[in-house]
$ cat model-v8.tsv   # TSV, C-alpha atoms and all ligand atoms
chain	number	residue	atom	x	y	z
A	1	MET	CA	-23.06	65.94	86.21
A	2	SER	CA	-20.20	64.43	84.31
A	3	THR	CA	-17.27	66.56	83.41
A	4	GLN	CA	-14.87	63.76	82.61
A	5	PRO	CA	-14.49	62.13	79.20
A	6	ALA	CA	-17.06	59.37	79.15
A	7	THR	CA	-16.16	55.73	78.89
A	8	ALA	CA	-18.06	53.27	76.75
A	9	SER	CA	-19.85	51.93	79.83
A	10	THR	CA	-21.09	55.34	80.99
A	11	ARG	CA	-22.24	56.60	77.62
A	12	ARG	CA	-25.82	56.93	76.55
A	13	SER	CA	-26.71	54.97	73.46
A	14	GLU	CA	-26.50	56.71	70.08
A	15	PRO	CA	-29.13	59.46	69.76
A	16	ASP	CA	-32.15	58.10	67.91
A	17	HIS	CA	-31.52	60.39	64.95
A	18	GLU	CA	-28.45	61.92	63.37
A	19	VAL	CA	-27.71	65.44	64.51
A	20	GLY	CA	-27.54	67.64	61.43
A	21	SER	CA	-24.35	67.06	59.46
A	22	PHE	CA	-22.20	66.61	62.55
A	23	ALA	CA	-21.21	63.22	61.17
A	24	GLU	CA	-19.36	64.88	58.31
A	25	ALA	CA	-17.56	67.22	60.69
A	26	ARG	CA	-16.59	64.29	62.85
A	27	GLU	CA	-15.00	62.46	59.95
A	28	GLN	CA	-12.72	65.42	59.35
A	29	SER	CA	-11.72	65.70	62.98
A	30	ARG	CA	-8.23	64.77	64.10
A	31	GLU	CA	-7.26	62.26	66.77
A	32	VAL	CA	-7.93	63.91	70.12
A	33	PRO	CA	-6.48	62.36	73.27
A	34	ALA	CA	-8.92	61.29	75.98
A	35	ALA	CA	-7.89	64.09	78.36
A	36	PRO	CA	-6.68	67.62	77.49
A	37	PRO	CA	-2.91	67.45	76.91
A	38	GLU	CA	-0.64	69.79	78.91
A	39	PRO	CA	-3.49	71.89	80.31
A	40	VAL	CA	-2.63	75.53	79.69
A	41	MET	CA	-5.59	76.69	81.73
A	42	GLU	CA	-7.61	75.04	84.45
A	43	VAL	CA	-10.80	76.29	86.05
A	44	LEU	CA	-11.58	75.01	89.54
A	45	LYS	CA	-14.90	75.48	91.34
A	46	LEU	CA	-15.63	78.67	89.44
A	47	ASN	CA	-18.64	80.60	90.74
A	48	VAL	CA	-19.63	83.97	89.35
A	49	TYR	CA	-22.08	86.49	90.79
A	50	TYR	CA	-23.47	89.72	89.37
A	51	GLY	CA	-24.46	91.56	92.53
A	52	GLY	CA	-26.69	89.08	94.35
A	53	PHE	CA	-27.38	87.01	91.22
A	54	HIS	CA	-25.57	83.66	91.07
A	55	ALA	CA	-24.75	83.41	87.35
A	56	VAL	CA	-22.39	80.41	87.24
A	57	HIS	CA	-22.10	77.50	89.65
A	58	ASP	CA	-19.07	75.33	90.38
A	59	VAL	CA	-17.49	74.99	86.95
A	60	ASN	CA	-14.42	72.78	86.57
A	61	LEU	CA	-12.67	72.67	83.19
A	62	GLN	CA	-9.28	72.13	81.62
A	63	PHE	CA	-8.04	73.60	78.36
A	64	GLY	CA	-5.38	71.59	76.53
A	65	LYS	CA	-2.42	73.11	74.72
A	66	ASN	CA	-3.00	73.66	71.00
A	67	GLU	CA	-6.57	72.53	71.24
A	68	ILE	CA	-9.77	74.34	70.37
A	69	THR	CA	-12.41	74.06	73.08
A	70	ALA	CA	-15.98	75.14	72.36
A	71	LEU	CA	-18.38	76.35	75.07
A	72	ILE	CA	-21.96	75.73	73.98
A	73	GLY	CA	-25.40	75.86	75.55
A	74	PRO	CA	-28.67	77.80	75.56
A	75	SER	CA	-28.83	81.54	76.00
A	76	GLY	CA	-28.10	82.72	79.53
A	77	CYS	CA	-26.29	79.58	80.69
A	78	GLY	CA	-23.12	81.53	81.45
A	79	LYS	CA	-20.83	80.74	78.49
A	80	SER	CA	-19.67	84.32	78.00
A	81	THR	CA	-19.41	84.84	81.74
A	82	VAL	CA	-17.07	81.85	82.03
A	83	LEU	CA	-15.07	83.00	79.00
A	84	ARG	CA	-14.65	86.48	80.47
A	85	CYS	CA	-13.32	84.96	83.70
A	86	LEU	CA	-10.49	83.35	81.76
A	87	ASN	CA	-8.70	86.67	81.23
A	88	ARG	CA	-10.27	88.71	84.02
A	89	MET	CA	-12.51	90.68	81.68
A	90	ASN	CA	-15.21	90.40	84.36
A	91	ASP	CA	-13.05	92.73	86.48
A	92	LEU	CA	-14.37	95.44	84.17
A	93	VAL	CA	-18.02	94.55	84.78
A	94	ALA	CA	-19.56	96.49	87.69
A	95	GLY	CA	-20.88	94.17	90.39
A	96	ALA	CA	-19.25	91.01	89.01
A	97	ARG	CA	-17.61	88.76	91.61
A	98	VAL	CA	-15.57	85.66	90.84
A	99	GLU	CA	-14.89	82.79	93.26
A	100	GLY	CA	-12.73	79.75	92.67
A	101	GLU	CA	-9.52	79.44	90.71
A	102	VAL	CA	-8.53	80.08	87.13
A	103	ASN	CA	-5.04	78.70	86.75
A	104	TYR	CA	-2.86	79.68	83.83
A	105	HIS	CA	0.25	77.50	83.64
A	106	GLY	CA	-0.39	76.68	87.29
A	107	THR	CA	-0.78	80.28	88.56
A	108	ASN	CA	-4.16	81.53	89.71
A	109	ILE	CA	-4.78	84.63	87.62
A	110	TYR	CA	-6.98	85.98	90.43
A	111	ALA	CA	-4.11	85.91	92.94
A	112	ARG	CA	-3.50	89.30	94.55
A	113	GLU	CA	-0.06	89.80	93.01
A	114	VAL	CA	-1.16	89.06	89.43
A	115	ASP	CA	-1.44	92.04	87.06
A	116	PRO	CA	-4.68	91.78	85.03
A	117	ILE	CA	-3.06	93.66	82.12
A	118	ALA	CA	-0.36	90.99	81.88
A	119	VAL	CA	-3.09	88.34	82.04
A	120	ARG	CA	-4.87	89.92	79.07
A	121	THR	CA	-1.63	90.10	77.12
A	122	ASN	CA	-1.08	86.36	77.51
A	123	ILE	CA	-4.73	85.50	77.13
A	124	GLY	CA	-6.16	87.61	74.30
A	125	MET	CA	-9.79	88.05	73.36
A	126	VAL	CA	-11.73	88.45	70.15
A	127	PHE	CA	-15.28	89.76	70.52
A	128	GLN	CA	-18.57	89.02	68.84
A	129	LYS	CA	-18.65	92.19	66.77
A	130	PRO	CA	-15.45	93.20	64.99
A	131	ASN	CA	-14.18	96.20	66.95
A	132	PRO	CA	-11.21	97.73	65.13
A	133	PHE	CA	-9.87	100.98	66.55
A	134	PRO	CA	-10.52	104.17	64.53
A	135	LYS	CA	-6.98	104.00	63.21
A	136	SER	CA	-5.14	102.69	60.20
A	137	ILE	CA	-4.79	98.97	59.61
A	138	TYR	CA	-1.11	99.24	60.55
A	139	ASP	CA	-1.79	101.15	63.77
A	140	ASN	CA	-4.47	98.71	64.84
A	141	ILE	CA	-1.84	95.98	64.87
A	142	ALA	CA	0.96	98.12	66.30
A	143	TYR	CA	-1.23	99.47	69.11
A	144	GLY	CA	-0.95	96.50	71.51
A	145	PRO	CA	2.81	96.04	71.19
A	146	ARG	CA	3.28	99.81	71.68
A	147	VAL	CA	1.10	100.22	74.77
A	148	THR	CA	2.42	97.08	76.44
A	149	GLY	CA	6.00	98.21	75.78
A	150	MET	CA	6.81	95.02	73.91
A	151	LYS	CA	10.39	94.87	72.69
A	152	VAL	CA	10.05	94.86	68.92
A	153	GLU	CA	12.98	94.83	66.50
A	154	SER	CA	10.93	95.87	63.51
A	155	MET	CA	7.32	96.98	63.89
A	156	ASP	CA	6.85	96.57	60.13
A	157	ASP	CA	7.86	92.93	60.40
A	158	LEU	CA	5.61	92.35	63.39
A	159	VAL	CA	2.63	93.93	61.61
A	160	GLU	CA	3.25	91.74	58.56
A	161	GLU	CA	3.67	88.61	60.68
A	162	ALA	CA	0.42	89.26	62.57
A	163	LEU	CA	-1.52	90.00	59.38
A	164	ARG	CA	-0.11	86.90	57.72
A	165	GLY	CA	-0.99	84.89	60.83
A	166	ALA	CA	-4.57	86.08	60.51
A	167	ALA	CA	-4.68	85.32	56.77
A	168	LEU	CA	-5.21	89.00	55.92
A	169	TRP	CA	-1.83	90.16	54.61
A	170	ASP	CA	-2.46	89.61	50.91
A	171	GLU	CA	-5.71	91.57	51.06
A	172	VAL	CA	-4.33	94.61	52.91
A	173	LYS	CA	-0.60	94.81	52.21
A	174	ASP	CA	-1.07	97.72	49.78
A	175	LYS	CA	-3.32	99.76	52.07
A	176	LEU	CA	-1.79	99.48	55.51
A	177	LYS	CA	-2.14	103.21	56.14
A	178	GLN	CA	-5.83	103.25	55.28
A	179	SER	CA	-8.54	103.21	57.94
A	180	ALA	CA	-9.50	99.80	59.32
A	181	TYR	CA	-13.11	100.92	58.95
A	182	GLY	CA	-12.75	100.52	55.18
A	183	LEU	CA	-12.48	96.74	55.54
A	184	SER	CA	-15.42	94.33	55.23
A	185	GLY	CA	-16.86	92.78	58.41
A	186	GLY	CA	-14.99	89.52	57.87
A	187	GLN	CA	-11.75	91.36	57.17
A	188	GLN	CA	-12.28	93.49	60.27
A	189	GLN	CA	-12.70	90.36	62.36
A	190	ARG	CA	-9.46	88.91	60.93
A	191	LEU	CA	-7.82	92.27	61.69
A	192	CYS	CA	-9.01	91.91	65.30
A	193	ILE	CA	-7.49	88.42	65.39
A	194	ALA	CA	-4.25	89.85	63.96
A	195	ARG	CA	-4.34	92.58	66.61
A	196	THR	CA	-4.74	89.92	69.28
A	197	ILE	CA	-1.87	87.75	68.06
A	198	ALA	CA	0.44	90.78	67.63
A	199	THR	CA	1.09	90.80	71.38
A	200	ARG	CA	2.02	87.10	71.21
A	201	PRO	CA	-0.50	85.58	73.59
A	202	ASP	CA	-0.64	81.83	73.95
A	203	VAL	CA	-4.37	81.60	74.56
A	204	ILE	CA	-7.04	83.24	72.38
A	205	LEU	CA	-10.58	83.57	73.69
A	206	MET	CA	-13.30	84.08	71.09
A	207	ASP	CA	-16.81	85.13	72.03
A	208	GLU	CA	-19.06	84.16	69.12
A	209	PRO	CA	-16.53	85.56	66.65
A	210	CYS	CA	-18.62	84.74	63.57
A	211	SER	CA	-22.10	85.68	64.68
A	212	ALA	CA	-21.97	89.02	62.84
A	213	LEU	CA	-20.48	87.49	59.67
A	214	ASP	CA	-21.87	85.95	56.50
A	215	PRO	CA	-21.22	82.26	55.71
A	216	ILE	CA	-18.15	82.93	53.53
A	217	ALA	CA	-16.49	85.17	56.11
A	218	THR	CA	-17.45	82.61	58.78
A	219	SER	CA	-15.81	79.84	56.83
A	220	ARG	CA	-12.60	81.88	56.52
A	221	ILE	CA	-12.50	82.51	60.26
A	222	GLU	CA	-13.09	78.80	60.93
A	223	ASP	CA	-10.22	77.87	58.60
A	224	LEU	CA	-8.11	80.46	60.36
A	225	MET	CA	-8.92	78.99	63.78
A	226	LEU	CA	-7.81	75.56	62.61
A	227	ASP	CA	-4.60	77.11	61.34
A	228	LEU	CA	-4.00	79.13	64.52
A	229	ARG	CA	-4.43	75.99	66.62
A	230	LYS	CA	-0.85	75.02	65.67
A	231	ASP	CA	0.46	77.93	67.74
A	232	TYR	CA	-2.29	78.84	70.15
A	233	THR	CA	-4.78	77.38	72.57
A	234	ILE	CA	-8.22	78.57	71.55
A	235	ILE	CA	-11.44	78.75	73.56
A	236	ILE	CA	-14.56	79.74	71.68
A	237	VAL	CA	-18.13	80.49	72.72
A	238	THR	CA	-20.52	79.65	69.93
A	239	HIS	CA	-24.26	79.32	69.48
A	240	ASN	CA	-23.63	77.39	66.32
A	241	MET	CA	-23.36	73.68	67.05
A	242	GLN	CA	-22.24	72.95	63.50
A	243	GLN	CA	-19.39	75.34	64.08
A	244	ALA	CA	-18.45	73.68	67.38
A	245	ALA	CA	-18.50	70.33	65.60
A	246	ARG	CA	-16.42	71.62	62.68
A	247	VAL	CA	-13.66	73.36	64.56
A	248	SER	CA	-13.35	72.20	68.13
A	249	ASP	CA	-11.46	69.31	69.67
A	250	ARG	CA	-13.44	69.40	72.89
A	251	THR	CA	-16.81	70.78	73.80
A	252	ALA	CA	-18.24	71.90	77.13
A	253	PHE	CA	-22.03	71.92	77.27
A	254	PHE	CA	-23.64	74.27	79.78
A	255	THR	CA	-27.21	74.73	80.83
A	256	ALA	CA	-29.07	76.95	83.31
A	257	ARG	CA	-31.16	75.62	86.16
A	258	PRO	CA	-33.37	77.55	88.57
A	259	ASP	CA	-31.89	77.61	92.06
A	260	GLU	CA	-34.30	75.98	94.56
A	261	THR	CA	-34.05	78.76	97.11
A	262	THR	CA	-33.37	81.92	95.10
A	263	GLY	CA	-34.99	81.02	91.78
A	264	ASP	CA	-31.88	82.35	90.00
A	265	ARG	CA	-31.30	80.65	86.66
A	266	THR	CA	-27.75	79.67	87.41
A	267	GLY	CA	-25.45	78.31	84.71
A	268	LEU	CA	-23.67	75.02	85.20
A	269	LEU	CA	-21.48	72.69	83.22
A	270	VAL	CA	-23.33	69.54	82.23
A	271	GLU	CA	-20.81	67.65	80.15
A	272	PHE	CA	-17.28	68.12	78.89
A	273	ASP	CA	-15.87	65.70	76.37
A	274	ARG	CA	-14.15	65.26	73.06
A	275	THR	CA	-16.35	67.03	70.53
A	276	ALA	CA	-16.78	63.95	68.36
A	277	ASP	CA	-17.90	61.92	71.38
A	278	LEU	CA	-20.15	64.59	72.85
A	279	PHE	CA	-22.06	64.96	69.60
A	280	ALA	CA	-22.15	61.27	68.72
A	281	ARG	CA	-22.84	59.76	72.12
A	282	PRO	CA	-23.70	62.34	74.77
A	283	HIS	CA	-24.02	60.68	78.13
A	284	ASP	CA	-26.32	63.24	79.72
A	285	LYS	CA	-29.93	63.51	78.60
A	286	ARG	CA	-29.77	67.32	78.75
A	287	THR	CA	-26.88	67.35	76.27
A	288	GLU	CA	-28.68	64.94	73.99
A	289	ASP	CA	-31.85	67.04	74.06
A	290	TYR	CA	-29.91	70.19	73.26
A	291	ILE	CA	-27.81	68.88	70.40
A	292	SER	CA	-30.76	67.14	68.83
A	293	GLY	CA	-32.76	70.38	68.95
A	294	ARG	CA	-35.34	69.17	71.48
A	295	PHE	CA	-34.63	72.12	73.75
A	296	GLY	CA	-32.75	75.40	73.85
B	301	LIG	N1	-23.09	92.48	83.32
B	301	LIG	C1	-24.06	91.71	83.81
B	301	LIG	N2	-24.82	92.12	84.85
B	301	LIG	C2	-25.81	91.34	85.36
B	301	LIG	N3	-26.12	90.13	84.88
B	301	LIG	C3	-25.39	89.67	83.85
B	301	LIG	C4	-24.33	90.43	83.25
B	301	LIG	N4	-23.80	89.70	82.25
B	301	LIG	C5	-24.50	88.55	82.21
B	301	LIG	N5	-25.45	88.53	83.16
B	301	LIG	C6	-26.39	87.45	83.44
B	301	LIG	O1	-25.66	86.27	83.70
B	301	LIG	C7	-26.28	85.14	83.08
B	301	LIG	C8	-25.28	84.50	82.12
B	301	LIG	O2	-25.07	85.41	81.05
B	301	LIG	P1	-24.04	85.09	79.89
B	301	LIG	O3	-24.06	86.25	78.96
B	301	LIG	O4	-22.76	84.67	80.46
B	301	LIG	O5	-24.75	83.82	79.22
B	301	LIG	P2	-24.51	83.20	77.78
B	301	LIG	O6	-24.69	81.73	77.93
B	301	LIG	O7	-23.22	83.67	77.22
B	301	LIG	O8	-25.73	83.83	77.02
B	301	LIG	P3	-25.91	84.18	75.45
B	301	LIG	O9	-25.74	82.87	74.75
B	301	LIG	O10	-27.30	84.70	75.37
B	301	LIG	O11	-24.86	85.19	75.09
B	301	LIG	C9	-27.54	85.64	82.40
B	301	LIG	O12	-28.63	85.46	83.26
B	301	LIG	C10	-27.27	87.13	82.21
B	301	LIG	O13	-28.45	87.89	82.23

$ encode --input "model-v8.tsv" --output "structure tokens"
Amino acid sequence: MSTQPATASTRRSEPDHEVGSFAEAREQSREVPAAPPEPVMEVLKLNVYYGGFHAVHDVNLQFGKNEITALIGPSGCGKSTVLRCLNRMNDLVAGARVEGEVNYHGTNIYAREVDPIAVRTNIGMVFQKPNPFPKSIYDNIAYGPRVTGMKVESMDDLVEEALRGAALWDEVKDKLKQSAYGLSGGQQQRLCIARTIATRPDVILMDEPCSALDPIATSRIEDLMLDLRKDYTIIIVTHNMQQAARVSDRTAFFTARPDETTGDRTGLLVEFDRTADLFARPHDKRTEDYISGRFG
């Protein structure tokens, strides 16, 4: 397994055929340093169990400040499980057990003295299906700051700032008191992003945020992610390799392998690299097979 950025000498040769239109996405990508800059989060020897089932084995990863990192891989390889560990959402899953460290600015978020609510305020999450509360647009945004007791000079200003940040303000500014359920799916997902940024996190986790959306709404969310990257560190699980190639700076490819003794299909990290490099010159055969559509 290689989890370090590959060097020219360790890379596999170019895949024998171009992978979709990843080339185009690569051309648009920005300069990404070889290693994640100022790691905001670091995962060390992460193992996750659901009851007796070993779901994720020994994952090590770093997430750089103001970068977008994509977690990709076939179904069941543990992407969402790893993502949920990053803000202790697995605490809410019965039978889930996490071993290893998840460091946020150097503090293990699983340390006894750490408050999981505070963790989730700093490390927000956007889910696969837009899940606005059955409240007005305004109250959806104001909810987090209110329940966390955030000191807010003007809630109106905060609501506007969050909606502007999520590129939704112009579409909803005249109907803030109307139900969030009246918005389209894409607008609801941007509302959920606005709700997440209203509590001023510095990391945003996104679990397949576009999978329930049409291509136009997807494109808007992708543009938004690129915009949000200026202020936030973003970690996204996606099934869509084109999307990973379009938006992410780094990509972690996972797979699942049957455990020799238990037979459990346990997820593991195969390769972690700059997105442009991982798609152009993967240095693990399993990555190459996956991105070229030969498996998964
Ligand atoms: N709450 C749970 N209880 C028991 N097993 C679970 C639970 N959640 C996930 N698993 C198992 O853990 C493994 C990893 O699941 P996970 O959802 O993290 O994978 P994934 O790569 O995100 O999959 P997908 O791409 O299909 O969403 C799978 O075998 C899954 O069945």

$ closest_residue --input "model-v8.tsv" --among "A:Phe272, A:Phe253, A:Phe295, A:Tyr138" --to "ligand LIG 301 (chain B)" --atoms "all atoms listed in the file"
A:Phe253

$ residues_around --input "model-v8.tsv" --residues "Phe254 (chain A)" --least-positions-apart "4" --cutoff "9 Å" --atoms "all atoms listed in the file" --output "ChimeraX atom specification"
/A:71-74,77-79,267-272,287

$ residues_near_ligand --input "model-v8.tsv" --ligand "ligand LIG 301 (chain B)" --cutoff "9 Å" --atoms "only C-alpha atoms and all ligand atoms" --output "PyMOL selection string"
chain A and resi 48-51+53-56+71-84+90+93-96+207-208+237-239+254-256+264-267

$ closest_residue --input "model-v8.tsv" --among "A:Lys135, A:Arg30, A:Lys129, A:His283" --to "Gly186 (chain A)" --atoms "all atoms listed in the file"
A:Lys129

$ atom_distance --input "model-v8.tsv" --atom1 "CA of Gly185 (chain A)" --atom2 "CA of Leu213 (chain A)"
6.5 Å

$ closest_atom_pairs --input "model-v8.tsv" --of "region 188-290 of chain A" --to "region 159-183 of chain A" --cutoff "12 Å" --atoms "only C-alpha atoms" --output "JSON lines"
{"residue": "A:Gln188", "atom": "CA", "partner": "A:Leu183", "partner_atom": "CA", "distance": 5.7}
{"residue": "A:Gln189", "atom": "CA", "partner": "A:Leu183", "partner_atom": "CA", "distance": 9.3}
{"residue": "A:Arg190", "atom": "CA", "partner": "A:Ala166", "partner_atom": "CA", "distance": 5.7}
{"residue": "A:Leu191", "atom": "CA", "partner": "A:Leu163", "partner_atom": "CA", "distance": 7.1}
{"residue": "A:Cys192", "atom": "CA", "partner": "A:Ala166", "partner_atom": "CA", "distance": 8.8}
{"residue": "A:Ile193", "atom": "CA", "partner": "A:Ala166", "partner_atom": "CA", "distance": 6.1}
{"residue": "A:Ala194", "atom": "CA", "partner": "A:Ala162", "partner_atom": "CA", "distance": 4.9}
{"residue": "A:Arg195", "atom": "CA", "partner": "A:Ala162", "partner_atom": "CA", "distance": 7.1}
{"residue": "A:Thr196", "atom": "CA", "partner": "A:Ala162", "partner_atom": "CA", "distance": 8.5}
{"residue": "A:Ile197", "atom": "CA", "partner": "A:Ala162", "partner_atom": "CA", "distance": 6.1}
{"residue": "A:Ala198", "atom": "CA", "partner": "A:Ala162", "partner_atom": "CA", "distance": 5.3}
{"residue": "A:Thr199", "atom": "CA", "partner": "A:Ala162", "partner_atom": "CA", "distance": 9.0}
{"residue": "A:Arg200", "atom": "CA", "partner": "A:Ala162", "partner_atom": "CA", "distance": 9.0}
{"residue": "A:Pro201", "atom": "CA", "partner": "A:Ala162", "partner_atom": "CA", "distance": 11.7}
{"residue": "A:Ala217", "atom": "CA", "partner": "A:Ala167", "partner_atom": "CA", "distance": 11.8}
{"residue": "A:Arg220", "atom": "CA", "partner": "A:Ala167", "partner_atom": "CA", "distance": 8.6}
{"residue": "A:Ile221", "atom": "CA", "partner": "A:Ala166", "partner_atom": "CA", "distance": 8.7}
{"residue": "A:Glu222", "atom": "CA", "partner": "A:Ala166", "partner_atom": "CA", "distance": 11.2}
{"residue": "A:Asp223", "atom": "CA", "partner": "A:Ala167", "partner_atom": "CA", "distance": 9.5}
{"residue": "A:Leu224", "atom": "CA", "partner": "A:Ala166", "partner_atom": "CA", "distance": 6.6}
{"residue": "A:Met225", "atom": "CA", "partner": "A:Ala166", "partner_atom": "CA", "distance": 8.9}
{"residue": "A:Leu226", "atom": "CA", "partner": "A:Ala166", "partner_atom": "CA", "distance": 11.2}
{"residue": "A:Asp227", "atom": "CA", "partner": "A:Gly165", "partner_atom": "CA", "distance": 8.6}
{"residue": "A:Leu228", "atom": "CA", "partner": "A:Gly165", "partner_atom": "CA", "distance": 7.5}
{"residue": "A:Arg229", "atom": "CA", "partner": "A:Gly165", "partner_atom": "CA", "distance": 11.2}
{"residue": "A:Lys230", "atom": "CA", "partner": "A:Gly165", "partner_atom": "CA", "distance": 11.0}
{"residue": "A:Asp231", "atom": "CA", "partner": "A:Gly165", "partner_atom": "CA", "distance": 9.9}
{"residue": "A:Tyr232", "atom": "CA", "partner": "A:Gly165", "partner_atom": "CA", "distance": 11.2}
